[in-house]
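Student: Structure below; questions to follow.
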Amino acid sequence: MDNILIDVKSAEDIFPKYQNTPIGLLLEYHNLNRSKEIYDTAQLLVGMCMDNRKHLNIPDNFAYIIRTGGANLRYSEFKVSYAIAVGGVQHIALIGHNNCGMVSLANRKELFIEGLVEKAGWDKEKAEEHFNQFAPMFEIGNEIDFVLNEAKRLRGKYPKITIAPMLYKVEDNRLYLIEE
Ligand SMILES: [Zn+2]
């Protein structure tokens, strides 16, 4: 079944469970240009891809942000725990994006190996070993399915925290909610 993306064009498009929460505010700031309030503490944690095409339109101090390949937080758990336990956030926005480089990594294996050899001075064998060791950990398969599964996994791990999976479209720079 295809996942349905909801373009948030007005505050009413935000799912009721996220309205009047930092998740709703994130959508209002980024998509609806809500005027920026002043924050002195983080309101939520954002997990998003390291991809250079993405930039969030949010106030200063509004969010902790962990950027990783594919918004994959599996190897950033201590930081997630820190944002919750010490930073006090109760909400996580997990933002995947279309056209993500962490999809189908195997197709870029040669490019990866040649790049490390030519641009970083690695020897070919080391570069290949490096790819083979890490690509399976960072491959996300499909952007939307990945954030949905990652949201489920994190809900299991942090049961009191609200976790919202979203998609960022690089062609229009907007956030979309994903119907689960
Ligand atoms: Zn990406």
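Just so we're on the same page: first chain in the structure tokens is A, next is B, and so on; residues restart at 1 for each chain, and ligands are numbered from 1 in the order they show up.
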Give the residues close to ligand 1, within 10 Å, counting only C-alpha atoms and all ligand atoms; write them as a PyMOL selection string.
Tutor: chain A and resi 48-54+67-72+95-103+140+143+168+170
Student: Can you pull out every residue within 7 Å of Pro165 of chain A, counting only C-alpha atoms, but drop anything in the same chain fewer than 6 positions away, and send it as a PyMOL selection string?
Tutor: chain A and resi 93-95+147-148+151+177-178
Student: A:Ile6, A:Gly156, A:Leu116, A:Thr162: which is nearest Val46 of chain A, counting only C-alpha atoms?
Tutor: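 Closest residue, counting only C-alpha atoms: A:Thr162.
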Student: So, counting only C-alpha atoms, which residue among A:Tyr82, A:Phe146, A:Phe112, A:Tyr176 is closest to Phe134 of chain A?
Tutor: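 Under the stated criterion, the closest residue is A:Phe112.
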Student: Which polymer residues have any atom within 7 Å of an atom of Leu45 of chain A, counting only C-alpha atoms, with same-chain residues fewer than 3 positions away left out, as a PyMOL selection string?
Tutor: chain A and resi 63-65+83+89+91-93
Student: Go ahead and dump the residues you just picked, C-alpha atoms, as an mmCIF file, in the first residue's frame.
Tutor:
data_model
loop_
_atom_site.group_PDB
_atom_site.id
_atom_site.type_symbol
_atom_site.label_atom_id
_atom_site.label_comp_id
_atom_site.auth_asym_id
_atom_site.auth_seq_id
_atom_site.Cartn_x
_atom_site.Cartn_y
_atom_site.Cartn_z
ATOM 1 C CA ALA A 63 15.181 22.387 18.438
ATOM 2 C CA TYR A 64 17.964 19.955 19.020
ATOM 3 C CA ILE A 65 18.905 18.600 15.612
ATOM 4 C CA ALA A 83 17.950 15.420 24.475
ATOM 5 C CA VAL A 89 12.205 17.363 25.076
ATOM 6 C CA HIS A 91 8.674 15.274 21.056
ATOM 7 C CA ILE A 92 10.755 13.992 18.176
ATOM 8 C CA ALA A 93 10.215 14.911 14.522
#
Student: Can you list, as a VMD selection string, every residue of chain A that DSSP puts in strand (DSSP E)?
Tutor: chain A and resid 5 to 7 44 to 49 63 to 68 91 to 97 162 to 169 174 to 178
Student: Restricted to N, CA and C atoms, what would the selected residues look like written as an mmCIF file, in the first residue's frame?
Tutor:
data_model
loop_
_atom_site.group_PDB
_atom_site.id
_atom_site.type_symbol
_atom_site.label_atom_id
_atom_site.label_comp_id
_atom_site.auth_asym_id
_atom_site.auth_seq_id
_atom_site.Cartn_x
_atom_site.Cartn_y
_atom_site.Cartn_z
ATOM 1 N N LEU A 5 0.839 11.039 1.777
ATOM 2 C CA LEU A 5 1.539 12.221 2.307
ATOM 3 C C LEU A 5 0.545 13.362 2.436
ATOM 4 N N ILE A 6 0.600 14.035 3.557
ATOM 5 C CA ILE A 6 -0.299 15.168 3.788
ATOM 6 C C ILE A 6 0.519 16.457 3.733
ATOM 7 N N ASP A 7 0.216 17.273 2.728
ATOM 8 C CA ASP A 7 0.874 18.569 2.631
ATOM 9 C C ASP A 7 0.207 19.517 3.629
ATOM 10 N N LEU A 44 11.844 20.546 21.022
ATOM 11 C CA LEU A 44 11.773 19.190 20.473
ATOM 12 C C LEU A 44 13.129 18.780 19.914
ATOM 13 N N LEU A 45 13.197 17.504 19.555
ATOM 14 C CA LEU A 45 14.380 16.975 18.872
ATOM 15 C C LEU A 45 13.981 16.680 17.430
ATOM 16 N N VAL A 46 14.804 17.149 16.502
ATOM 17 C CA VAL A 46 14.598 16.833 15.093
ATOM 18 C C VAL A 46 15.686 15.851 14.670
ATOM 19 N N GLY A 47 15.271 14.756 14.045
ATOM 20 C CA GLY A 47 16.229 13.845 13.407
ATOM 21 C C GLY A 47 16.056 13.994 11.914
ATOM 22 N N MET A 48 17.091 14.395 11.217
ATOM 23 C CA MET A 48 16.963 14.581 9.767
ATOM 24 C C MET A 48 18.250 14.188 9.056
ATOM 25 N N CYS A 49 18.153 14.051 7.740
ATOM 26 C CA CYS A 49 19.320 13.624 6.957
ATOM 27 C C CYS A 49 20.382 14.722 6.913
ATOM 28 N N ALA A 63 15.055 23.843 18.548
ATOM 29 C CA ALA A 63 15.181 22.387 18.438
ATOM 30 C C ALA A 63 16.619 21.908 18.581
ATOM 31 N N TYR A 64 16.745 20.740 19.205
ATOM 32 C CA TYR A 64 17.964 19.955 19.020
ATOM 33 C C TYR A 64 17.859 19.325 17.642
ATOM 34 N N ILE A 65 18.956 19.246 16.925
ATOM 35 C CA ILE A 65 18.905 18.600 15.612
ATOM 36 C C ILE A 65 20.040 17.583 15.506
ATOM 37 N N ILE A 66 19.664 16.359 15.192
ATOM 38 C CA ILE A 66 20.669 15.328 14.903
ATOM 39 C C ILE A 66 20.580 15.037 13.420
ATOM 40 N N ARG A 67 21.654 15.298 12.722
ATOM 41 C CA ARG A 67 21.653 15.029 11.273
ATOM 42 C C ARG A 67 22.526 13.818 10.994
ATOM 43 N N THR A 68 21.935 12.855 10.310
ATOM 44 C CA THR A 68 22.645 11.615 9.973
ATOM 45 C C THR A 68 22.214 11.220 8.572
ATOM 46 N N HIS A 91 9.117 15.509 22.436
ATOM 47 C CA HIS A 91 8.674 15.274 21.056
ATOM 48 C C HIS A 91 9.870 15.115 20.127
ATOM 49 N N ILE A 92 9.719 14.191 19.197
ATOM 50 C CA ILE A 92 10.755 13.992 18.176
ATOM 51 C C ILE A 92 10.101 14.053 16.798
ATOM 52 N N ALA A 93 10.637 14.913 15.930
ATOM 53 C CA ALA A 93 10.215 14.911 14.522
ATOM 54 C C ALA A 93 11.289 14.157 13.748
ATOM 55 N N LEU A 94 10.860 13.121 13.072
ATOM 56 C CA LEU A 94 11.780 12.298 12.308
ATOM 57 C C LEU A 94 11.539 12.611 10.834
ATOM 58 N N ILE A 95 12.501 13.283 10.225
ATOM 59 C CA ILE A 95 12.253 13.835 8.892
ATOM 60 C C ILE A 95 13.112 13.135 7.835
ATOM 61 N N GLY A 96 12.489 12.250 7.085
ATOM 62 C CA GLY A 96 13.157 11.667 5.919
ATOM 63 C C GLY A 96 12.991 12.613 4.741
ATOM 64 N N HIS A 97 13.643 12.318 3.639
ATOM 65 C CA HIS A 97 13.402 13.147 2.445
ATOM 66 C C HIS A 97 13.499 12.283 1.207
ATOM 67 N N THR A 162 6.454 11.554 22.151
ATOM 68 C CA THR A 162 5.671 11.607 20.904
ATOM 69 C C THR A 162 6.637 11.682 19.727
ATOM 70 N N ILE A 163 6.464 10.777 18.785
ATOM 71 C CA ILE A 163 7.387 10.724 17.652
ATOM 72 C C ILE A 163 6.606 10.825 16.340
ATOM 73 N N ALA A 164 6.946 11.835 15.555
ATOM 74 C CA ALA A 164 6.197 12.110 14.330
ATOM 75 C C ALA A 164 7.066 11.889 13.095
ATOM 76 N N PRO A 165 6.737 10.889 12.282
ATOM 77 C CA PRO A 165 7.482 10.698 11.034
ATOM 78 C C PRO A 165 6.990 11.663 9.955
ATOM 79 N N MET A 166 7.914 12.234 9.222
ATOM 80 C CA MET A 166 7.566 13.208 8.163
ATOM 81 C C MET A 166 8.470 12.998 6.967
ATOM 82 N N LEU A 167 8.084 13.625 5.874
ATOM 83 C CA LEU A 167 8.928 13.614 4.684
ATOM 84 C C LEU A 167 9.170 15.046 4.230
ATOM 85 N N TYR A 168 10.402 15.335 3.875
ATOM 86 C CA TYR A 168 10.774 16.637 3.318
ATOM 87 C C TYR A 168 10.963 16.421 1.829
ATOM 88 N N LYS A 169 10.250 17.184 1.030
ATOM 89 C CA LYS A 169 10.441 17.047 -0.426
ATOM 90 C C LYS A 169 11.482 18.062 -0.886
ATOM 91 N N ARG A 174 9.216 21.549 1.392
ATOM 92 C CA ARG A 174 8.122 21.541 2.371
ATOM 93 C C ARG A 174 8.110 20.244 3.137
ATOM 94 N N LEU A 175 7.524 20.311 4.345
ATOM 95 C CA LEU A 175 7.350 19.114 5.163
ATOM 96 C C LEU A 175 5.980 18.513 4.927
ATOM 97 N N TYR A 176 5.942 17.196 4.833
ATOM 98 C CA TYR A 176 4.697 16.461 4.647
ATOM 99 C C TYR A 176 4.530 15.476 5.798
ATOM 100 N N LEU A 177 3.341 15.438 6.352
ATOM 101 C CA LEU A 177 3.060 14.391 7.333
ATOM 102 C C LEU A 177 2.788 13.095 6.585
ATOM 103 N N ILE A 178 3.069 11.992 7.232
ATOM 104 C CA ILE A 178 2.833 10.689 6.610
ATOM 105 C C ILE A 178 1.699 10.018 7.366
#
